[in-house]
Structures are given as C-alpha cells and as structure tokens.
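Raw coords.txt, compact mmCIF, C-alpha atoms and all ligand atoms:
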# COMPACT_ATOMS: atom_id res chain seq x y z
CA MET A 295 -16.17 44.14 138.48
CA ARG A 296 -19.53 45.79 138.10
CA ALA A 297 -22.54 43.53 138.73
CA PRO A 298 -24.27 42.50 135.52
CA PRO A 299 -27.29 44.71 134.84
CA TRP A 300 -29.89 42.10 135.69
CA LYS A 301 -28.25 41.42 139.07
CA SER A 302 -28.24 45.10 139.95
CA GLY A 303 -31.78 45.52 138.67
CA ALA A 304 -30.56 48.06 136.12
CA SER A 305 -32.23 46.20 133.24
CA ALA A 306 -35.67 46.68 134.75
CA PRO A 307 -37.77 48.78 132.36
CA ARG A 308 -36.44 52.29 132.30
CA LYS A 309 -38.66 55.28 131.87
CA ARG A 310 -36.37 56.79 129.28
CA PHE A 311 -37.35 54.12 126.70
CA GLU A 312 -40.94 53.76 127.82
CA ILE A 313 -40.82 50.00 127.58
CA ASN A 314 -44.36 48.71 127.98
CA ALA A 315 -45.96 51.83 129.34
CA GLY A 316 -48.38 50.71 132.00
CA PHE A 317 -46.31 47.66 132.87
CA SER A 318 -44.27 48.05 135.99
CA PRO A 319 -42.19 45.24 137.41
CA GLY A 320 -43.32 46.31 140.85
CA SER A 321 -46.97 45.66 140.10
CA TYR A 322 -46.73 42.52 137.98
CA SER A 323 -46.02 39.07 139.26
CA PRO A 324 -45.98 36.00 137.03
CA ILE A 325 -46.74 34.03 140.19
CA ASP A 326 -50.01 35.94 140.68
CA ASP A 327 -50.73 35.28 137.02
CA GLY A 328 -50.53 31.56 137.70
CA LEU A 329 -47.67 31.26 135.20
CA PHE A 330 -45.26 29.70 137.68
CA PRO A 331 -44.09 27.17 138.46
CA HIS A 332 -43.38 26.00 134.93
CA PRO A 333 -43.22 22.19 134.63
CA LEU A 334 -39.78 22.31 133.00
CA TYR A 335 -38.29 24.94 135.25
CA PRO A 336 -39.94 24.76 138.66
CA LEU A 337 -39.09 27.63 140.94
CA ARG A 338 -36.41 27.12 143.49
CA GLN A 339 -37.62 27.46 147.06
CA THR A 340 -35.60 30.63 147.35
CA ASP A 341 -37.02 32.38 144.25
CA THR A 342 -38.81 35.58 145.06
CA ALA A 343 -40.95 37.74 142.81
CA GLN A 344 -38.11 40.30 142.81
CA GLU A 345 -35.59 37.70 141.67
CA ILE A 346 -37.91 36.59 138.87
CA MET A 347 -38.40 40.13 137.65
CA THR A 348 -34.65 40.69 137.29
CA ASP A 349 -33.90 37.29 135.81
CA PRO A 350 -34.07 37.40 131.97
CA PHE A 351 -34.70 33.66 131.77
CA ALA A 352 -37.71 33.87 134.08
CA LEU A 353 -38.93 37.01 132.30
CA ALA A 354 -38.70 35.27 128.92
CA GLU A 355 -40.46 32.25 130.32
CA SER A 356 -43.25 34.38 131.73
CA ALA A 357 -43.71 36.30 128.45
CA ALA A 358 -43.73 33.01 126.51
CA GLN A 359 -46.38 31.53 128.77
CA LEU A 360 -48.54 34.65 128.41
CA ILE A 361 -48.45 34.38 124.61
CA LEU A 362 -49.07 30.63 124.53
CA ALA A 363 -51.98 30.98 126.95
CA ARG A 364 -53.80 32.97 124.23
CA THR A 365 -53.54 30.40 121.43
CA PRO A 366 -53.92 26.66 121.00
CA LEU A 367 -51.12 26.72 118.40
CA ARG A 368 -47.60 25.66 119.38
CA PRO A 369 -45.39 27.21 116.68
CA GLN A 370 -41.85 25.94 116.24
CA ILE A 371 -40.89 28.57 113.68
CA GLY A 372 -40.49 32.23 114.54
CA LEU A 373 -40.46 35.08 112.04
CA VAL A 374 -39.11 38.57 112.55
CA LEU A 375 -40.51 40.87 109.89
CA GLY A 376 -38.47 44.00 109.29
CA SER A 377 -39.22 47.47 107.90
CA GLY A 378 -41.95 47.35 105.28
CA LEU A 379 -42.07 43.53 105.35
CA GLY A 380 -44.56 43.06 108.19
CA GLY A 381 -47.52 42.50 105.85
CA PHE A 382 -46.91 38.74 105.79
CA ALA A 383 -48.26 38.44 109.33
CA ASP A 384 -51.60 39.93 108.19
CA SER A 385 -52.12 36.95 105.89
CA VAL A 386 -51.82 34.17 108.49
CA THR A 387 -54.99 32.30 109.46
CA ASP A 388 -56.25 31.29 112.93
CA ALA A 389 -54.38 34.38 114.08
CA THR A 390 -53.93 35.54 117.64
CA ARG A 391 -52.46 39.03 117.75
CA VAL A 392 -50.68 40.10 120.90
CA PRO A 393 -49.52 43.73 121.04
CA TYR A 394 -46.02 44.03 122.47
CA ALA A 395 -47.50 46.36 125.07
CA ASP A 396 -49.45 43.38 126.50
CA ILE A 397 -46.37 41.22 126.91
CA PRO A 398 -44.50 41.78 130.16
CA SER A 399 -40.96 43.09 129.64
CA PHE A 400 -41.32 43.14 125.84
CA PRO A 401 -39.62 46.16 124.26
CA GLN A 402 -41.81 48.48 122.19
CA SER A 403 -40.83 49.42 118.64
CA THR A 404 -40.74 53.12 117.87
CA ALA A 405 -39.56 52.89 114.22
CA ILE A 406 -42.03 53.84 111.51
CA GLY A 407 -43.05 50.80 109.47
CA HIS A 408 -43.04 48.46 112.47
CA ALA A 409 -46.49 47.47 113.77
CA GLY A 410 -45.37 46.19 117.17
CA ARG A 411 -47.23 42.97 117.76
CA MET A 412 -46.70 39.25 117.88
CA VAL A 413 -48.98 37.28 115.58
CA VAL A 414 -49.35 33.57 116.23
CA GLY A 415 -51.18 31.82 113.41
CA LYS A 416 -50.90 29.49 110.46
CA ALA A 417 -49.14 30.15 107.18
CA GLY A 418 -50.75 27.41 105.10
CA SER A 419 -50.46 24.41 107.38
CA VAL A 420 -47.45 25.72 109.32
CA ALA A 421 -47.89 27.27 112.75
CA VAL A 422 -45.72 30.36 113.10
CA ALA A 423 -45.08 33.11 115.60
CA ALA A 424 -44.40 36.31 113.71
CA MET A 425 -43.02 39.51 115.13
CA GLN A 426 -44.50 42.36 113.15
CA GLY A 427 -41.73 44.81 113.86
CA ARG A 428 -38.62 44.65 116.00
CA VAL A 429 -36.68 47.04 118.19
CA HIS A 430 -33.23 48.30 117.35
CA LEU A 431 -30.13 49.34 119.24
CA TYR A 432 -30.44 52.80 117.67
CA GLU A 433 -33.72 53.32 119.51
CA GLY A 434 -31.68 53.25 122.70
CA TYR A 435 -32.36 49.67 123.70
CA SER A 436 -29.55 47.51 125.01
CA ALA A 437 -28.47 44.36 123.18
CA HIS A 438 -30.19 42.37 125.97
CA GLU A 439 -33.45 44.22 125.35
CA VAL A 440 -33.20 43.91 121.57
CA THR A 441 -32.82 40.14 121.88
CA PHE A 442 -35.45 39.59 124.56
CA PRO A 443 -38.07 38.62 121.93
CA ILE A 444 -35.69 35.93 120.61
CA ARG A 445 -35.34 34.65 124.18
CA VAL A 446 -39.14 34.56 124.37
CA PHE A 447 -39.26 32.63 121.07
CA GLY A 448 -36.84 30.14 122.57
CA ARG A 449 -38.99 29.66 125.67
CA MET A 450 -42.08 29.27 123.45
CA GLY A 451 -40.43 26.22 121.91
CA ILE A 452 -39.34 27.89 118.66
CA ARG A 453 -36.56 25.86 116.96
CA ALA A 454 -35.98 27.91 113.82
CA VAL A 455 -36.24 31.60 113.04
CA ILE A 456 -36.57 33.42 109.76
CA LEU A 457 -35.27 36.95 110.19
CA THR A 458 -35.93 39.61 107.59
CA ASN A 459 -34.64 43.11 107.25
CA ALA A 460 -34.21 46.08 105.00
CA ALA A 461 -30.61 46.68 104.05
CA GLY A 462 -28.43 48.92 101.95
CA GLY A 463 -26.74 47.19 99.03
CA ILE A 464 -22.94 47.45 98.88
CA ASN A 465 -22.28 44.69 96.35
CA LEU A 466 -22.55 46.23 92.89
CA GLY A 467 -24.24 43.07 91.64
CA TYR A 468 -27.33 44.04 93.63
CA SER A 469 -29.95 46.58 92.75
CA GLN A 470 -32.81 48.18 94.62
CA GLY A 471 -35.43 45.55 95.45
CA ALA A 472 -32.99 42.59 95.35
CA LEU A 473 -33.52 39.79 97.86
CA VAL A 474 -30.35 38.52 99.52
CA LEU A 475 -29.85 35.49 101.75
CA ILE A 476 -27.47 36.39 104.55
CA ARG A 477 -24.57 33.93 104.49
CA ASP A 478 -22.63 35.48 107.35
CA HIS A 479 -22.36 38.72 109.26
CA ILE A 480 -19.85 41.23 110.54
CA ASN A 481 -20.82 42.63 113.92
CA LEU A 482 -19.94 46.33 113.97
CA GLN A 483 -22.66 47.29 116.43
CA GLY A 484 -20.17 47.72 119.26
CA THR A 485 -22.07 45.37 121.50
CA ASN A 486 -23.06 41.74 121.94
CA PRO A 487 -26.21 40.39 123.60
CA LEU A 488 -24.15 37.76 125.41
CA ALA A 489 -21.94 40.29 127.22
CA GLY A 490 -22.30 39.89 130.95
CA ALA A 491 -22.68 36.76 133.04
CA ASN A 492 -23.71 33.76 130.98
CA ASP A 493 -27.00 32.07 131.79
CA ASP A 494 -26.34 28.39 131.07
CA ARG A 495 -30.08 27.74 130.80
CA PHE A 496 -30.00 29.73 127.54
CA GLY A 497 -26.72 28.36 126.18
CA VAL A 498 -22.97 28.08 126.49
CA ARG A 499 -20.58 30.90 127.36
CA PHE A 500 -18.79 30.90 123.99
CA PRO A 501 -21.19 29.85 121.24
CA ASP A 502 -19.79 28.82 117.89
CA MET A 503 -20.71 31.16 115.03
CA THR A 504 -19.09 29.36 112.08
CA GLN A 505 -22.47 28.15 110.77
CA ALA A 506 -24.63 30.91 112.23
CA TYR A 507 -26.77 31.07 109.08
CA SER A 508 -27.87 27.52 108.36
CA ARG A 509 -26.42 26.20 105.12
CA ALA A 510 -29.28 23.69 104.81
CA TYR A 511 -31.90 26.43 105.09
CA ARG A 512 -30.05 28.57 102.56
CA GLU A 513 -30.05 25.68 100.11
CA THR A 514 -33.76 25.17 100.73
CA ALA A 515 -34.44 28.87 100.13
CA GLN A 516 -32.40 28.81 96.90
CA GLU A 517 -34.30 25.78 95.63
CA GLU A 518 -37.66 27.39 96.35
CA ALA A 519 -36.54 30.70 94.82
CA ARG A 520 -35.50 28.89 91.64
CA LYS A 521 -38.90 27.20 91.44
CA LEU A 522 -40.58 30.60 91.77
CA GLY A 523 -38.25 32.20 89.25
CA VAL A 524 -37.00 34.62 91.91
CA THR A 525 -33.34 35.67 91.96
CA LEU A 526 -31.95 35.20 95.44
CA HIS A 527 -28.44 36.52 96.01
CA GLU A 528 -26.22 35.52 98.93
CA GLY A 529 -24.08 37.92 100.89
CA VAL A 530 -22.38 39.09 104.05
CA TYR A 531 -24.35 41.53 106.20
CA ALA A 532 -22.53 44.21 108.16
CA GLY A 533 -24.57 45.21 111.21
CA LEU A 534 -24.06 48.81 112.35
CA LEU A 535 -25.56 50.74 115.22
CA GLY A 536 -27.23 53.49 113.18
CA PRO A 537 -29.48 55.43 113.14
CA SER A 538 -27.62 57.71 110.73
CA TYR A 539 -26.98 56.04 107.41
CA GLU A 540 -23.36 55.42 106.58
CA THR A 541 -21.03 57.86 104.89
CA PRO A 542 -19.65 56.93 101.47
CA ALA A 543 -16.23 56.39 103.13
CA GLU A 544 -17.78 53.96 105.61
CA ILE A 545 -19.45 52.07 102.78
CA GLU A 546 -16.13 51.83 100.94
CA TYR A 547 -14.56 50.49 104.15
CA LEU A 548 -17.36 47.93 104.56
CA ARG A 549 -16.94 46.80 100.97
CA ARG A 550 -13.21 46.30 101.51
CA ILE A 551 -13.72 44.19 104.63
CA GLY A 552 -16.07 41.87 102.77
CA ALA A 553 -19.58 43.21 103.37
CA ASP A 554 -22.21 42.95 100.65
CA LEU A 555 -25.00 44.56 102.64
CA VAL A 556 -25.37 46.97 105.51
CA GLY A 557 -28.13 47.34 108.06
CA MET A 558 -28.98 48.21 111.64
CA SER A 559 -30.55 45.02 112.95
CA THR A 560 -30.45 41.21 112.88
CA VAL A 561 -26.89 40.59 114.14
CA ALA A 562 -27.73 40.62 117.86
CA GLU A 563 -30.83 38.49 117.22
CA VAL A 564 -28.78 35.88 115.36
CA ILE A 565 -26.24 35.72 118.18
CA ALA A 566 -29.00 35.21 120.77
CA ALA A 567 -30.73 32.61 118.59
CA ARG A 568 -27.54 30.62 118.06
CA HIS A 569 -26.82 30.85 121.79
CA MET A 570 -30.08 28.95 122.31
CA GLY A 571 -29.42 26.49 119.48
CA ILE A 572 -32.16 28.00 117.31
CA SER A 573 -31.46 27.62 113.57
CA VAL A 574 -31.44 30.78 111.47
CA LEU A 575 -32.49 31.78 107.98
CA ALA A 576 -32.09 35.50 107.28
CA ILE A 577 -33.21 37.40 104.21
CA SER A 578 -32.47 41.03 103.41
CA CYS A 579 -34.39 43.19 101.03
CA VAL A 580 -32.07 45.70 99.40
CA THR A 581 -34.26 48.75 99.82
CA ASN A 582 -31.60 51.12 98.54
CA MET A 583 -28.05 51.02 97.28
CA ALA A 584 -25.75 52.12 100.13
CA ALA A 585 -24.39 55.64 100.50
CA GLY A 586 -22.11 56.87 97.76
CA ILE A 587 -22.87 54.01 95.36
CA LEU A 588 -25.48 55.99 93.49
CA ASP A 589 -25.34 59.75 93.32
CA GLN A 590 -28.40 60.31 95.48
CA PRO A 591 -29.24 60.80 99.18
CA LEU A 592 -30.82 57.98 101.25
CA SER A 593 -34.21 58.23 102.90
CA HIS A 594 -36.35 56.05 105.14
CA ALA A 595 -39.30 56.68 102.81
CA GLU A 596 -37.34 54.97 100.01
CA VAL A 597 -36.68 52.01 102.33
CA LEU A 598 -40.41 51.61 103.04
CA GLU A 599 -41.40 52.09 99.38
CA THR A 600 -39.02 49.38 98.16
CA GLY A 601 -40.27 47.04 100.91
CA GLU A 602 -43.78 47.62 99.61
CA ARG A 603 -42.69 46.89 96.02
CA VAL A 604 -41.04 43.52 96.73
CA LYS A 605 -43.63 42.48 99.31
CA SER A 606 -45.45 39.93 97.19
CA THR A 607 -42.29 38.22 95.87
CA PHE A 608 -40.92 38.14 99.35
CA GLU A 609 -44.13 36.69 100.80
CA SER A 610 -44.29 33.99 98.09
CA LEU A 611 -40.75 32.98 98.94
CA LEU A 612 -41.55 32.80 102.66
CA ARG A 613 -44.65 30.75 101.97
CA ALA A 614 -42.65 28.28 99.87
CA VAL A 615 -39.82 27.94 102.37
CA LEU A 616 -41.91 27.55 105.53
CA PRO A 617 -43.28 24.00 105.02
CA ARG A 618 -39.78 22.73 104.21
CA ILE A 619 -38.26 24.26 107.31
CA ALA A 620 -41.22 22.97 109.34
CA LYS A 621 -40.46 19.48 108.04
CA ASP A 622 -36.79 19.79 109.04
CA VAL A 623 -37.76 21.01 112.50
CA ALA A 624 -40.28 18.19 112.94
CA GLU A 625 -37.60 15.65 111.96
CA GLY A 626 -35.35 17.23 114.54
CA SER A 627 -32.54 17.88 112.07
CA ASP A 628 -30.46 20.69 113.57
CA ALA A 629 -29.74 22.98 110.66
N1 LIG B 701 -27.80 51.47 105.66
C1 LIG B 701 -28.12 50.95 106.85
N2 LIG B 701 -29.29 50.39 107.12
C2 LIG B 701 -30.18 50.33 106.13
C3 LIG B 701 -29.94 50.86 104.86
C4 LIG B 701 -28.67 51.46 104.62
O1 LIG B 701 -28.37 51.94 103.51
N3 LIG B 701 -31.05 50.66 104.12
C5 LIG B 701 -31.95 50.01 104.91
N4 LIG B 701 -31.43 49.82 106.14

For this file, produce the structure as structure tokens.
Amino acid sequence: MRAPPWKSGASAPRKRFEINAGFSPGSYSPIDDGLFPHPLYPLRQTDTAQEIMTDPFALAESAAQLILARTPLRPQIGLVLGSGLGGFADSVTDATRVPYADIPSFPQSTAIGHAGRMVVGKAGSVAVAAMQGRVHLYEGYSAHEVTFPIRVFGRMGIRAVILTNAAGGINLGYSQGALVLIRDHINLQGTNPLAGANDDRFGVRFPDMTQAYSRAYRETAQEEARKLGVTLHEGVYAGLLGPSYETPAEIEYLRRIGADLVGMSTVAEVIAARHMGISVLAISCVTNMAAGILDQPLSHAEVLETGERVKSTFESLLRAVLPRIAKDVAEGSDA
C-alpha cells in the first residue's frame, strides 16, 4: 500500500497551489517559535522538526498556538463564513485579524468573495473565531487541506462550529435568498478527509455520522428564527466537487436521491469536525435555484449578489443563535 501523504511528505505545501506563499516548511520551525512543547501534547523525545512538519496534528497545533498567541480571547465557537457571507466577521469587537498567509500550513482561498483571514473577536458577549472565507476542493486542494482549518479550530479549543455556505436550491419550496438549515448531507465529492491512516489524537477511525448536524442546535436556530420572524427551511445538502455548476440532468438526479440543496463545500468540514467531536450547525443561503429549475443560466455574480441581499437577516440570525450555543458549550452538553 502507498504511504499516506503525510508520511511520504507529499502533503507538504505544493507550489502548484501556492499555499502560503513565503512559508516554506524547510524554513519554519514551531520549535524555534517557542510553540512546542505544548502542555497537553509534549513532544516525544524522538520528534524532529521534519516529523512535526509532516504531521497534521502537530501542524494544526502549531497554527492554533500562533493564532491564540495574538489574542487574549479563548473562543469555543468557530464560524466558517461562505461566499458573500463573510461580512459578519467585520462586525465583531475586540477583533484580532490573522491573514491565512500568516498562519503556517493554512491553505489560501482563491475564490472571489472570500477574504482569507481568521478573525478572533466578540459577537456581543460571545468569543468567536471566524474564518472569513474557506478553500474548496475545486481549487485543487485535497480534502486534508480543505479541512486543515477545522483541525486548527479543534486544537484552539473550539467545541462547536457554525458553517455557512451559498447553495443552489433544488427543493421547489425554496426561492432565491432562502435560508436553509442543513439537516443532513450526501457526500458526492468523491473524497473524504479521513481517508488515509487515522490519527487517533483527532478521533476514531469510523466516526458516526447519524447526528452530524446537531438536532439541538437546529431546534435552537428554529426558535431564534421564529422570534425574528425569519423563515428557516431545513434540508439535505448534496456536496459536489465543482467548479462547474451542475447540469439540469444532474440536478434532477440529486432531487431524486433526496437532496434539497447543492453546493461545493461544507461536507468535508463537517466530517472533520465530527471526527473531533465538534458539534455542527450549518446554514445555507440559497443564492440561486439550481440548474434547470428556472429557465436561466447560473452565474457566480448572482451568488454574490444574493449573499449581499440576505446578509442582514443572516447576521441577525447568527447573532441570536450564538449566545445560546455558547451556553450549551459552557454547560458541556454535547450537541
Ligand atoms: N450549485 C453548486 N454550488 C452552488 C450553487 C449551485 O447552484 N449555488 C451556489 N453554490
């Protein structure tokens, strides 16, 4: 069997994707940075800088320590803000903004509408770490790379994530601009971030996915949406590789297998989060009805425009949900 990529060193930043231009694993050492040993995970006597640089757990730990060294806040909730929805992070107070380019091993987003920085700050009284922009498989990143930020969240002490995305609506009950809670997903991305040797420090080999999207958090979100007078649908998200939008025949197929929404993100992140026991709330913004449903072509500009239109509703919902999730996390109830 082929060695897993991190054993062979193949997952080291590759030029092709220009991950963190200016950061080279050869020149950076978390040991020189004074980031190791970590009190929870002291280095083994045999650990070498080379081993650390090819070990995703140590890389995530090192990135987490770099971020936390820049802020006194210790967020337990992580946000991933998708296309056109990143504005929320601009409104947090006591903010520390860390460009992805400053974080060792962090993948860089190339998609338009994604700012590419981690913002640690307070939304009201709740400390959060918000990713303003994510990377996608369609940019050429591997599932391991796409989920590295979730691994970093985990090592920062994040216990719950709120993932947001732009999606195409398949369910005819939706319309452009609808907000949909993801109840479950169908992974059609052709990959899984847990493929390869399992690292037990992250989680178990075969994580359960029956309650991947916390029922308790969905109920909380529905309650808060009702109070705000916002309609919040629930649906099944089909995750595809992209970047081409789907054909009408593909959308018909997705509808028949039970998908209400389609998008190009989120699924791998949810798998990695659940692997680490992080609870998940995921909200899609239906930026367009999927291919073939309306008699019009799809465009990324439309996706960004719709994101802009629902921004304030979406942000109010986030603001209402955050303190309740923070309370759950503080009480240690695993949702
Ligand atoms: N398909 C896939 N991904 C998407 C879409 C879509 O129609 N809209 C926004 N992201």

Which chains and residue numbers are within 9 Å of ligand LIG 701 (chain B), counting only C-alpha atoms and all ligand atoms, if I want them as an MDAnalysis selection string? chainID A and resid 377 459:464 532:540 545 555:559 579:585 592:594 596:598

With C-alpha atoms kept, could you save the residues just selected as an mmCIF file, in the frame of the given file?
data_model
loop_
_atom_site.group_PDB
_atom_site.id
_atom_site.type_symbol
_atom_site.label_atom_id
_atom_site.label_comp_id
_atom_site.auth_asym_id
_atom_site.auth_seq_id
_atom_site.Cartn_x
_atom_site.Cartn_y
_atom_site.Cartn_z
ATOM 1 C CA SER A 377 -39.220 47.470 107.900
ATOM 2 C CA ASN A 459 -34.640 43.110 107.250
ATOM 3 C CA ALA A 460 -34.210 46.080 105.000
ATOM 4 C CA ALA A 461 -30.610 46.680 104.050
ATOM 5 C CA GLY A 462 -28.430 48.920 101.950
ATOM 6 C CA GLY A 463 -26.740 47.190 99.030
ATOM 7 C CA ILE A 464 -22.940 47.450 98.880
ATOM 8 C CA ALA A 532 -22.530 44.210 108.160
ATOM 9 C CA GLY A 533 -24.570 45.210 111.210
ATOM 10 C CA LEU A 534 -24.060 48.810 112.350
ATOM 11 C CA LEU A 535 -25.560 50.740 115.220
ATOM 12 C CA GLY A 536 -27.230 53.490 113.180
ATOM 13 C CA PRO A 537 -29.480 55.430 113.140
ATOM 14 C CA SER A 538 -27.620 57.710 110.730
ATOM 15 C CA TYR A 539 -26.980 56.040 107.410
ATOM 16 C CA GLU A 540 -23.360 55.420 106.580
ATOM 17 C CA ILE A 545 -19.450 52.070 102.780
ATOM 18 C CA LEU A 555 -25.000 44.560 102.640
ATOM 19 C CA VAL A 556 -25.370 46.970 105.510
ATOM 20 C CA GLY A 557 -28.130 47.340 108.060
ATOM 21 C CA MET A 558 -28.980 48.210 111.640
ATOM 22 C CA SER A 559 -30.550 45.020 112.950
ATOM 23 C CA CYS A 579 -34.390 43.190 101.030
ATOM 24 C CA VAL A 580 -32.070 45.700 99.400
ATOM 25 C CA THR A 581 -34.260 48.750 99.820
ATOM 26 C CA ASN A 582 -31.600 51.120 98.540
ATOM 27 C CA MET A 583 -28.050 51.020 97.280
ATOM 28 C CA ALA A 584 -25.750 52.120 100.130
ATOM 29 C CA ALA A 585 -24.390 55.640 100.500
ATOM 30 C CA LEU A 592 -30.820 57.980 101.250
ATOM 31 C CA SER A 593 -34.210 58.230 102.900
ATOM 32 C CA HIS A 594 -36.350 56.050 105.140
ATOM 33 C CA GLU A 596 -37.340 54.970 100.010
ATOM 34 C CA VAL A 597 -36.680 52.010 102.330
ATOM 35 C CA LEU A 598 -40.410 51.610 103.040
#

Can you pull out every residue within 7 Å of A:Ile572, counting all atoms listed in the file, but drop anything in the same chain fewer than 4 positions away, and send it as a PyMOL selection string? chain A and resi 453-455+567-568

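Every protein, DNA or RNA residue with an atom at most 7 Å from A:Leu475, where only C-alpha atoms count and chain neighbours fewer than 6 positions away do not, is listed here: Arg512, Leu526, His527, Glu528, Gly529, Ala576, Ile577 and Ser578 of chain A.
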
Who sits within 12 Å of A:Leu457, all atoms listed in the file, same chain under 3 positions skipped, as an mmCIF file with C-alpha atoms, in the coordinates of the input:
data_model
loop_
_atom_site.group_PDB
_atom_site.id
_atom_site.type_symbol
_atom_site.label_atom_id
_atom_site.label_comp_id
_atom_site.auth_asym_id
_atom_site.auth_seq_id
_atom_site.Cartn_x
_atom_site.Cartn_y
_atom_site.Cartn_z
ATOM 1 C CA ILE A 371 -40.890 28.570 113.680
ATOM 2 C CA GLY A 372 -40.490 32.230 114.540
ATOM 3 C CA LEU A 373 -40.460 35.080 112.040
ATOM 4 C CA VAL A 374 -39.110 38.570 112.550
ATOM 5 C CA LEU A 375 -40.510 40.870 109.890
ATOM 6 C CA GLY A 376 -38.470 44.000 109.290
ATOM 7 C CA SER A 377 -39.220 47.470 107.900
ATOM 8 C CA LEU A 379 -42.070 43.530 105.350
ATOM 9 C CA GLY A 380 -44.560 43.060 108.190
ATOM 10 C CA ALA A 423 -45.080 33.110 115.600
ATOM 11 C CA ALA A 424 -44.400 36.310 113.710
ATOM 12 C CA MET A 425 -43.020 39.510 115.130
ATOM 13 C CA GLN A 426 -44.500 42.360 113.150
ATOM 14 C CA GLY A 427 -41.730 44.810 113.860
ATOM 15 C CA ARG A 428 -38.620 44.650 116.000
ATOM 16 C CA ILE A 444 -35.690 35.930 120.610
ATOM 17 C CA ALA A 454 -35.980 27.910 113.820
ATOM 18 C CA ALA A 460 -34.210 46.080 105.000
ATOM 19 C CA VAL A 474 -30.350 38.520 99.520
ATOM 20 C CA LEU A 475 -29.850 35.490 101.750
ATOM 21 C CA ILE A 476 -27.470 36.390 104.550
ATOM 22 C CA TYR A 507 -26.770 31.070 109.080
ATOM 23 C CA SER A 559 -30.550 45.020 112.950
ATOM 24 C CA THR A 560 -30.450 41.210 112.880
ATOM 25 C CA VAL A 561 -26.890 40.590 114.140
ATOM 26 C CA ALA A 562 -27.730 40.620 117.860
ATOM 27 C CA GLU A 563 -30.830 38.490 117.220
ATOM 28 C CA VAL A 564 -28.780 35.880 115.360
ATOM 29 C CA ALA A 567 -30.730 32.610 118.590
ATOM 30 C CA ILE A 572 -32.160 28.000 117.310
ATOM 31 C CA SER A 573 -31.460 27.620 113.570
ATOM 32 C CA VAL A 574 -31.440 30.780 111.470
ATOM 33 C CA LEU A 575 -32.490 31.780 107.980
ATOM 34 C CA ALA A 576 -32.090 35.500 107.280
ATOM 35 C CA ILE A 577 -33.210 37.400 104.210
ATOM 36 C CA SER A 578 -32.470 41.030 103.410
ATOM 37 C CA CYS A 579 -34.390 43.190 101.030
ATOM 38 C CA LEU A 612 -41.550 32.800 102.660
#

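Among the candidates A:Gln370, A:Thr525, A:Thr600, A:Tyr435, the residue lying nearest to A:Gly467 is A:Thr525 (atoms considered: all atoms listed in the file).
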
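Atom pair atom CA of A:Leu522 / atom CA of A:Arg613 has a distance of 11.0 Å (rounded to one decimal).
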
Could you give me, as CSV, a per-residue list for stretch 385-458 of chain A showing, wherever an atom lies at most 12 Å from an atom of stretch 495-504 of chain A, the closest pair of atoms and their distance in Å to one decimal, using all atoms listed in the file and sorting by chain then residue number from low to high?
residue,atom,partner,partner_atom,distance
A:Phe442,CA,A:Phe496,CA,11.7
A:Ile444,CA,A:Phe496,CA,10.9
A:Arg445,CA,A:Phe496,CA,8.0
A:Val446,CA,A:Phe496,CA,10.8
A:Phe447,CA,A:Phe496,CA,11.7
A:Gly448,CA,A:Phe496,CA,8.5
A:Arg449,CA,A:Phe496,CA,9.2

In Å, with one decimal, what is the gap from atom CA of A:Asp384 to atom CA of A:Tyr432? 26.5 Å

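Take the candidates A:Ala629, A:Leu616, A:Gly552, A:Phe351 and check each one against A:Asp494 using all atoms listed in the file; the shortest distance goes to A:Phe351.
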
Counting all atoms listed in the file, give me one row per residue of stretch 394-424 of chain A with an atom at most 12 Å from an atom of stretch 356-368 of chain A, showing the shortest contact pair and its distance in Å to one decimal, sorted by chain then residue number, as JSON lines.
{"residue": "A:Tyr394", "atom": "CA", "partner": "A:Ala357", "partner_atom": "CA", "distance": 10.0}
{"residue": "A:Ala395", "atom": "CA", "partner": "A:Ala357", "partner_atom": "CA", "distance": 11.3}
{"residue": "A:Asp396", "atom": "CA", "partner": "A:Leu360", "partner_atom": "CA", "distance": 9.0}
{"residue": "A:Ile397", "atom": "CA", "partner": "A:Ala357", "partner_atom": "CA", "distance": 5.8}
{"residue": "A:Pro398", "atom": "CA", "partner": "A:Ala357", "partner_atom": "CA", "distance": 5.8}
{"residue": "A:Ser399", "atom": "CA", "partner": "A:Ala357", "partner_atom": "CA", "distance": 7.4}
{"residue": "A:Phe400", "atom": "CA", "partner": "A:Ala357", "partner_atom": "CA", "distance": 7.7}
{"residue": "A:Pro401", "atom": "CA", "partner": "A:Ala357", "partner_atom": "CA", "distance": 11.5}
{"residue": "A:Arg411", "atom": "CA", "partner": "A:Ile361", "partner_atom": "CA", "distance": 11.1}
{"residue": "A:Met412", "atom": "CA", "partner": "A:Ile361", "partner_atom": "CA", "distance": 8.5}
{"residue": "A:Val413", "atom": "CA", "partner": "A:Ile361", "partner_atom": "CA", "distance": 9.5}
{"residue": "A:Val414", "atom": "CA", "partner": "A:Thr365", "partner_atom": "CA", "distance": 7.4}
{"residue": "A:Gly415", "atom": "CA", "partner": "A:Leu367", "partner_atom": "CA", "distance": 7.1}
{"residue": "A:Lys416", "atom": "CA", "partner": "A:Leu367", "partner_atom": "CA", "distance": 8.4}
{"residue": "A:Ala417", "atom": "CA", "partner": "A:Leu367", "partner_atom": "CA", "distance": 11.9}
{"residue": "A:Ser419", "atom": "CA", "partner": "A:Leu367", "partner_atom": "CA", "distance": 11.3}
{"residue": "A:Val420", "atom": "CA", "partner": "A:Leu367", "partner_atom": "CA", "distance": 9.8}
{"residue": "A:Ala421", "atom": "CA", "partner": "A:Leu367", "partner_atom": "CA", "distance": 6.5}
{"residue": "A:Val422", "atom": "CA", "partner": "A:Arg368", "partner_atom": "CA", "distance": 8.1}
{"residue": "A:Ala423", "atom": "CA", "partner": "A:Arg368", "partner_atom": "CA", "distance": 8.7}
{"residue": "A:Ala424", "atom": "CA", "partner": "A:Ile361", "partner_atom": "CA", "distance": 11.8}

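Between atom CA of A:Ala624 and atom CA of A:Ile452 the interatomic distance comes to 11.3 Å.
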